[in-house]
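Novice: Would you mind keeping the following structure in view while I ask a few things?
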Protein chains: 2
Amino acid sequence: MFEAGAELKQSYGAENVYDFSLGNPDLPPPAAIVEAICDLAGQVSCEGGLSYMSNAGYPETRAALAAWLSQDQGITINAENLILTVGAAGGLNCFFHTVLSPGDEVICPAPYFVEYGFYCGNHGGVLRPVKSKPDSFELDLGAIAAAIGSKTRCLLINSPNNPSGVVYSADELKALAELLTEASSKYGRPVYLVSDEPYRFLNFSGRPLPSVFAHYKHSVIVSSFSKNLALAGERIGYVAANPAIRNAGELMAGLVFSNRVLGYVNAPCLGQKIINACIAKADELTAPLFEVYAERRRLMAEVLDVAGIQYQLPAGTFYFFPKAPEGMDDIAFVQRLLEQRILAVPGAGFGYPGYFRLSLCLDKKFIQAAKDGFIKAMQGE
Amino acid sequence: MFEAGAELKQSYGAENVYDFSLGNPDLPPPAAIVEAICDLAGQVSCEGGLSYMSNAGYPETRAALAAWLSQDQGITINAENLILTVGAAGGLNCFFHTVLSPGDEVICPAPYFVEYGFYCGNHGGVLRPVKSKPDSFELDLGAIAAAIGSKTRCLLINSPNNPSGVVYSADELKALAELLTEASSKYGRPVYLVSDEPYRFLNFSGRPLPSVFAHYKHSVIVSSFSKNLALAGERIGYVAANPAIRNAGELMAGLVFSNRVLGYVNAPCLGQKIINACIAKADELTAPLFEVYAERRRLMAEVLDVAGIQYQLPAGTFYFFPKAPEGMDDIAFVQRLLEQRILAVPGAGFGYPGYFRLSLCLDKKFIQAAKDGFIKAMQGE
């Protein structure tokens, strides 16, 4: 994607390419992050200032993150219930490495982030996507229930969801928890509920986001600061395990071991120091970013309306997941958009053909300037 | 190890514990690194200043690294022949993920860094250690030849070697290359020579270090800036493939893909920017660190001599790998050292019982202060 976009921009000029393809925050990092970086030099110019720390991360960063996360989730989480990881991607890999045995299945509502399949496969697992309801993208609980079996080790959700923008309600989590409790009991081992939630700060639903910890004992939160603090390149994420998990200490020891032997070793030290300095005011730092994305979302909806493209207004994230026009598949329509120099991603890449993803990681002027291109693509020009 | 050392220090006071157990550079980062961190704030406070970049790393960091590496190795290496990784550990995992099929074997001279077994196993491979010659730790070429078979995919060397401190000569590399060329031809696929060389800057042998690229076509260098720039915590490493490799482009594409799907995504952006700023003067920056380790090495040898502990003076690295006393196994002797508040690592942990590892990542005053402890441990007190 990176390379395709770069080529197009070279041919037509960056101003004339409308790149809705990448979920790569384009905003500058918050000023407090930049200030924290200024302060780093003073902190690290000491003995072992940039050396390894415990595989789980700096104790002070774990403690600061635990305090913030407790507030965010509305439930007490201690430093020993979480580890710092190389992004959420590193965190998911550590978790799957820790809990999956060969042939274990990870159920995941579709559409889903395509890398999930690799993250499971890396550790002998198999991703088993279950389609969510068309258009609304609500969980299809009947289909999920039917997919659960003796090999089911995890149910992996992503809310707010990339690419659909759906936010799961407390009622959906409750129903999911009931299914998983029953399955855990029936098959004699816990089925983990894994909640990947880097977009939690972008919730436009008007309802507070429920916490998986409050709904289900064997739950794990994986997240990162890639999106809310525009810190994607530094690779700082975390895994937090519900303190109520049976053998929580054993699970945490497994995660620390996995972080080590998978070669991550520890989350990058500079990023950890930045998080330690800024996490207490993360919500404050995130507020201006929220406003920028809210404005882009409003403009995107206007453009799609004018072009006559059908979509469900996303309740969260910085993505839209509109429908390909009647009688046309998503890959063909994305190709037609490309002829208008609009880069989008086909739904097929998210296990959900018939739709396509637009990312709002671009200046609003591009959203407005792309209007004619969307109209022409719909008119089949 | 971290935790055991911390406990002991809490009980007896940090001044009274002699921690030779960790290969975790204790020196402050070079001043130029600290200056580069100061400059980062200015660089990143722009749109997307900390966002993802290509999975292979920033083009400018790759180019700067290629220029330095070309000089270091005495052979032209281009930016497209290397990728930035999450430390050398991340780099080895990417390489094994790219080239190993289930059951493939990786031959490795023992003693060896214990994580190698995990790094191979993570990707369906099997580490097959082959003992090096006792005391001298030279390669046992006969034993290596006998171990090579149809499943051999890689030969993994680490020179200068952790833990033995041995440095392989050009003659040894030449003989190794002959074995591998023959095996590649006999079994119909290339056997890769993988050289893990983060200790390359600590060469006390008086001879220039040979480059694997000059000796064998299907060779790969994996390394990091963890040791030479005391930057271990930030996790910046790289994989460079010999430009002469058949299908070098395909191999590089595989490495980039592996970096992505294993969840590393990219090497941390701040660390990459630091390397970009400092790499041209890396050798200059490393010189004072070299002096510090050389002095510690001299003192360590004196202490071991006084205590009557047998060792081969390490030709490289910041490790000693002395022999456990006659009639005593390494684990028992390390236990006896622990009673003197000296932390060491048994050779059994490196696939080479009968020896133990001492790391010189501690102030020289501890080396001197530990003298009595070593003497007492030898006297069986």
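By convention here, the chains of the structure tokens are called A, B, ... in the order presented, each chain's residues are numbered starting at 1, and ligands are numbered starting at 1 in the order presented.
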Which residues come within 10 Å of His215 of chain B, counting only C-alpha atoms, excluding same-chain residues fewer than 2 positions away, as a ChimeraX atom specification?
Specialist: /B:170-171,173-178,193,210-213,217-219
Novice: Generate a file of the selected residues that holds N, CA and C atoms, formatted as a PDB file, in the first residue's frame.
Specialist:
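Final output, saved to out-v3.pdb:
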ATOM      1  N   ALA B 170      39.710 -16.003   9.413  1.00  0.00           N
ATOM      2  CA  ALA B 170      39.378 -16.106   7.991  1.00  0.00           C
ATOM      3  C   ALA B 170      39.533 -17.549   7.511  1.00  0.00           C
ATOM      4  N   ASP B 171      40.517 -18.258   8.057  1.00  0.00           N
ATOM      5  CA  ASP B 171      40.710 -19.653   7.649  1.00  0.00           C
ATOM      6  C   ASP B 171      39.528 -20.524   8.061  1.00  0.00           C
ATOM      7  N   LEU B 173      36.436 -19.475   8.508  1.00  0.00           N
ATOM      8  CA  LEU B 173      35.304 -19.118   7.629  1.00  0.00           C
ATOM      9  C   LEU B 173      35.450 -19.766   6.261  1.00  0.00           C
ATOM     10  N   LYS B 174      36.693 -19.807   5.777  1.00  0.00           N
ATOM     11  CA  LYS B 174      36.943 -20.391   4.461  1.00  0.00           C
ATOM     12  C   LYS B 174      36.598 -21.883   4.467  1.00  0.00           C
ATOM     13  N   ALA B 175      37.028 -22.567   5.514  1.00  0.00           N
ATOM     14  CA  ALA B 175      36.749 -24.005   5.612  1.00  0.00           C
ATOM     15  C   ALA B 175      35.242 -24.248   5.758  1.00  0.00           C
ATOM     16  N   LEU B 176      34.590 -23.381   6.525  1.00  0.00           N
ATOM     17  CA  LEU B 176      33.142 -23.474   6.714  1.00  0.00           C
ATOM     18  C   LEU B 176      32.427 -23.284   5.378  1.00  0.00           C
ATOM     19  N   ALA B 177      32.874 -22.272   4.621  1.00  0.00           N
ATOM     20  CA  ALA B 177      32.263 -21.976   3.322  1.00  0.00           C
ATOM     21  C   ALA B 177      32.396 -23.174   2.385  1.00  0.00           C
ATOM     22  N   GLU B 178      33.523 -23.842   2.453  1.00  0.00           N
ATOM     23  CA  GLU B 178      33.719 -25.022   1.591  1.00  0.00           C
ATOM     24  C   GLU B 178      32.723 -26.121   1.936  1.00  0.00           C
ATOM     25  N   LEU B 193      24.639 -19.273   5.598  1.00  0.00           N
ATOM     26  CA  LEU B 193      25.547 -18.981   6.709  1.00  0.00           C
ATOM     27  C   LEU B 193      25.054 -17.687   7.359  1.00  0.00           C
ATOM     28  N   PRO B 210      37.265 -10.995   9.742  1.00  0.00           N
ATOM     29  CA  PRO B 210      36.848 -11.285   8.366  1.00  0.00           C
ATOM     30  C   PRO B 210      35.335 -11.072   8.207  1.00  0.00           C
ATOM     31  N   SER B 211      34.890 -10.858   6.977  1.00  0.00           N
ATOM     32  CA  SER B 211      33.457 -10.725   6.695  1.00  0.00           C
ATOM     33  C   SER B 211      32.924 -12.006   6.062  1.00  0.00           C
ATOM     34  N   VAL B 212      31.793 -12.480   6.535  1.00  0.00           N
ATOM     35  CA  VAL B 212      31.202 -13.681   5.925  1.00  0.00           C
ATOM     36  C   VAL B 212      30.843 -13.430   4.463  1.00  0.00           C
ATOM     37  N   PHE B 213      30.492 -12.172   4.141  1.00  0.00           N
ATOM     38  CA  PHE B 213      30.100 -11.863   2.752  1.00  0.00           C
ATOM     39  C   PHE B 213      31.235 -12.145   1.767  1.00  0.00           C
ATOM     40  N   LYS B 217      28.724 -16.998  -0.556  1.00  0.00           N
ATOM     41  CA  LYS B 217      27.658 -16.306  -1.287  1.00  0.00           C
ATOM     42  C   LYS B 217      26.354 -16.229  -0.484  1.00  0.00           C
ATOM     43  N   HIS B 218      25.883 -17.368  -0.003  1.00  0.00           N
ATOM     44  CA  HIS B 218      24.584 -17.386   0.682  1.00  0.00           C
ATOM     45  C   HIS B 218      24.742 -17.062   2.163  1.00  0.00           C
ATOM     46  N   SER B 219      25.191 -15.853   2.416  1.00  0.00           N
ATOM     47  CA  SER B 219      25.453 -15.442   3.799  1.00  0.00           C
ATOM     48  C   SER B 219      24.608 -14.234   4.172  1.00  0.00           C
TER      49      SER B 219
END
Novice: Counting only C-alpha atoms, which residues of chain A fall within 7 Å of chain B, and what is the closest atom pair for each with its distance in Å at one decimal, ordered by chain and rising number, as CSV?
Specialist:
residue,atom,partner,partner_atom,distance
A:Phe2,CA,B:Ser54,CA,6.7
A:Asn24,CA,B:Ser51,CA,6.2
A:Pro25,CA,B:Ser51,CA,6.1
A:Asp26,CA,B:Gly48,CA,4.2
A:Leu27,CA,B:Glu47,CA,4.7
A:Pro28,CA,B:Glu47,CA,4.1
A:Pro29,CA,B:Ser45,CA,6.3
A:Val34,CA,B:Ala41,CA,5.2
A:Ile37,CA,B:Ala41,CA,5.6
A:Cys38,CA,B:Cys38,CA,5.5
A:Ala41,CA,B:Val34,CA,5.2
A:Ser45,CA,B:Pro28,CA,5.6
A:Cys46,CA,B:Pro28,CA,4.8
A:Glu47,CA,B:Pro28,CA,4.1
A:Gly48,CA,B:Asp26,CA,4.2
A:Gly49,CA,B:Pro28,CA,5.7
A:Leu50,CA,B:Leu231,CA,5.1
A:Ser51,CA,B:Gly233,CA,4.6
A:Tyr52,CA,B:Gly233,CA,4.2
A:Met53,CA,B:Gly233,CA,6.8
A:Ser54,CA,B:Phe2,CA,6.7
A:Val86,CA,B:Tyr264,CA,6.5
A:Ala89,CA,B:Gly263,CA,4.5
A:Gly90,CA,B:Gly263,CA,4.8
A:Asn93,CA,B:Gly263,CA,6.7
A:Glu115,CA,B:Val261,CA,6.5
A:Phe118,CA,B:Val261,CA,5.9
A:Tyr119,CA,B:Leu262,CA,6.7
A:Ala230,CA,B:Ser51,CA,6.4
A:Leu231,CA,B:Leu50,CA,5.1
A:Ala232,CA,B:Ser51,CA,4.8
A:Gly233,CA,B:Tyr52,CA,4.2
A:Glu234,CA,B:Pro268,CA,4.3
A:Arg235,CA,B:Pro268,CA,5.8
A:Val261,CA,B:Phe118,CA,5.9
A:Leu262,CA,B:Tyr119,CA,6.7
A:Gly263,CA,B:Ala89,CA,4.5
A:Tyr264,CA,B:Gly90,CA,6.1
A:Pro268,CA,B:Glu234,CA,4.3
A:Cys269,CA,B:Glu234,CA,4.9
A:Leu270,CA,B:Glu234,CA,6.3
Novice: Determine, counting only C-alpha atoms, which protein, DNA and RNA residues have an atom within 10 Å of an atom of Arg189 of chain B; residues of the same chain fewer than 5 positions away are not included. Present the result as a list in words.
Specialist: Ser150, Thr152, Arg153, Thr181, Ala183 and Ser184 of chain B
Novice: Residues of the last selection are to be written out with C-alpha atoms, as a compact mmCIF listing (two decimals), in the first residue's frame.
Specialist:
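What follows is the written file out25.txt:
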# COMPACT_ATOMS: atom_id res chain seq x y z
CA SER B 150 19.52 -32.94 3.91
CA THR B 152 20.32 -28.46 7.20
CA ARG B 153 19.03 -25.05 6.20
CA THR B 181 29.09 -25.00 -0.72
CA ALA B 183 26.31 -29.36 1.12
CA SER B 184 24.28 -26.86 -0.92
Novice: Neighbouring residues of segment 199-204 of chain A were defined as those with any atom within 10 Å, considering only C-alpha atoms; residues of the same chain fewer than 6 positions away were excluded. Please report them as a PyMOL selection string.
Specialist: chain A and resi 72+158-162+165-167+223-229+282-283+286-287+289-291+293-294+297+313-318
Novice: If you run DSSP on the backbone, which residues of segment 121-170 of chain B are strand (DSSP E or B), as a ChimeraX atom specification?
Specialist: /B:126-131,152-158
Novice: Using N, CA and C atoms, can you export the residues from the last selection as a PDB file, in the first residue's frame?
Specialist:
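In the end it all went to selection.pdb:
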ATOM      1  N   VAL B 126      14.669 -26.611  14.024  1.00  0.00           N
ATOM      2  CA  VAL B 126      15.303 -27.295  15.150  1.00  0.00           C
ATOM      3  C   VAL B 126      16.763 -26.852  15.218  1.00  0.00           C
ATOM      4  N   LEU B 127      17.183 -26.380  16.393  1.00  0.00           N
ATOM      5  CA  LEU B 127      18.593 -26.010  16.564  1.00  0.00           C
ATOM      6  C   LEU B 127      19.399 -27.275  16.824  1.00  0.00           C
ATOM      7  N   ARG B 128      20.489 -27.403  16.110  1.00  0.00           N
ATOM      8  CA  ARG B 128      21.348 -28.579  16.296  1.00  0.00           C
ATOM      9  C   ARG B 128      22.737 -28.118  16.701  1.00  0.00           C
ATOM     10  N   PRO B 129      23.004 -28.063  18.004  1.00  0.00           N
ATOM     11  CA  PRO B 129      24.311 -27.570  18.462  1.00  0.00           C
ATOM     12  C   PRO B 129      25.408 -28.592  18.185  1.00  0.00           C
ATOM     13  N   VAL B 130      26.575 -28.092  17.842  1.00  0.00           N
ATOM     14  CA  VAL B 130      27.765 -28.928  17.632  1.00  0.00           C
ATOM     15  C   VAL B 130      28.874 -28.346  18.502  1.00  0.00           C
ATOM     16  N   LYS B 131      29.410 -29.182  19.387  1.00  0.00           N
ATOM     17  CA  LYS B 131      30.402 -28.664  20.336  1.00  0.00           C
ATOM     18  C   LYS B 131      31.673 -28.180  19.663  1.00  0.00           C
ATOM     19  N   THR B 152      19.579 -29.656   6.772  1.00  0.00           N
ATOM     20  CA  THR B 152      20.315 -28.464   7.200  1.00  0.00           C
ATOM     21  C   THR B 152      19.950 -27.268   6.327  1.00  0.00           C
ATOM     22  N   ARG B 153      19.419 -26.246   6.951  1.00  0.00           N
ATOM     23  CA  ARG B 153      19.035 -25.050   6.198  1.00  0.00           C
ATOM     24  C   ARG B 153      19.990 -23.884   6.467  1.00  0.00           C
ATOM     25  N   CYS B 154      20.533 -23.847   7.680  1.00  0.00           N
ATOM     26  CA  CYS B 154      21.404 -22.732   8.065  1.00  0.00           C
ATOM     27  C   CYS B 154      22.543 -23.226   8.933  1.00  0.00           C
ATOM     28  N   LEU B 155      23.628 -22.492   8.890  1.00  0.00           N
ATOM     29  CA  LEU B 155      24.650 -22.614   9.904  1.00  0.00           C
ATOM     30  C   LEU B 155      24.748 -21.247  10.565  1.00  0.00           C
ATOM     31  N   LEU B 156      24.548 -21.233  11.861  1.00  0.00           N
ATOM     32  CA  LEU B 156      24.453 -19.969  12.601  1.00  0.00           C
ATOM     33  C   LEU B 156      25.700 -19.793  13.450  1.00  0.00           C
ATOM     34  N   ILE B 157      26.472 -18.751  13.143  1.00  0.00           N
ATOM     35  CA  ILE B 157      27.648 -18.478  13.976  1.00  0.00           C
ATOM     36  C   ILE B 157      27.505 -17.122  14.664  1.00  0.00           C
ATOM     37  N   ASN B 158      28.247 -16.965  15.735  1.00  0.00           N
ATOM     38  CA  ASN B 158      28.223 -15.741  16.528  1.00  0.00           C
ATOM     39  C   ASN B 158      29.687 -15.451  16.858  1.00  0.00           C
TER      40      ASN B 158
END
Novice: So that I can see what lies close to Asp372 of chain A, please list as a count of residues only the residues with an atom at most 9 Å from it, counting only C-alpha atoms and leaving out residues fewer than 5 positions away in the same chain.
Specialist: 4
Novice: Asn242 of chain B: which residues within 12 Å, counting only C-alpha atoms, same-chain residues fewer than 4 positions away excluded, as an NGL selection string?
Specialist: :B and (66 or 69-70 or 73 or 75-82 or 192-195 or 211-222 or 246-249 or 251-252)
Novice: Tell me, as an MDAnalysis selection string, which residues lie within 12 Å of Asp140 of chain A, counting only C-alpha atoms; anything in the same chain fewer than 4 positions away does not count.
Specialist: chainID A and resid 108:111 129:134 136 144:147 168 172 175:176
Novice: Hey, which of B:Ser164, B:Asn259, B:Ser169, B:Gln379 ends up closest to Val306 of chain B? Count only C-alpha atoms.
Specialist: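 Among the listed residues, B:Gln379 lies closest to Val306 of chain B.
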Novice: Write out as JSON, numbers by chain all residues of segment 81-163 of chain B that DSSP puts in alpha helix (DSSP H) for this structure's backbone.
Specialist: {"B": [87, 88, 89, 90, 91, 92, 93, 94, 95, 96, 97, 98, 99, 115, 116, 117, 118, 119, 120, 121, 141, 142, 143, 144, 145, 146, 147]}
Novice: Between B:Gln335, B:Ser21, B:Ser11, B:Gln368, which residue has the minimum interatomic distance to Tyr319 of chain B, considering only C-alpha atoms?
Specialist: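 Smallest distance to Tyr319 of chain B is found for B:Ser21.
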Novice: Could you tell me how far atom CA of Val334 of chain B sits from atom CA of Met378 of chain B, in Å to one decimal place?
Specialist: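 Between atom CA of Met378 of chain B and atom CA of Val334 of chain B the gap is 10.9 Å.
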Novice: So how far away is atom CA of Pro190 of chain B from atom CA of Phe95 of chain B, in Å?
Specialist: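 Those two atoms sit 14.3 Å apart.
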Novice: Suppose you want the space between atom CA of Ile83 of chain B and atom CA of Pro59 of chain B; what is it in Å?
Specialist: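 Rounded to one decimal, the two atoms are 9.5 Å apart.
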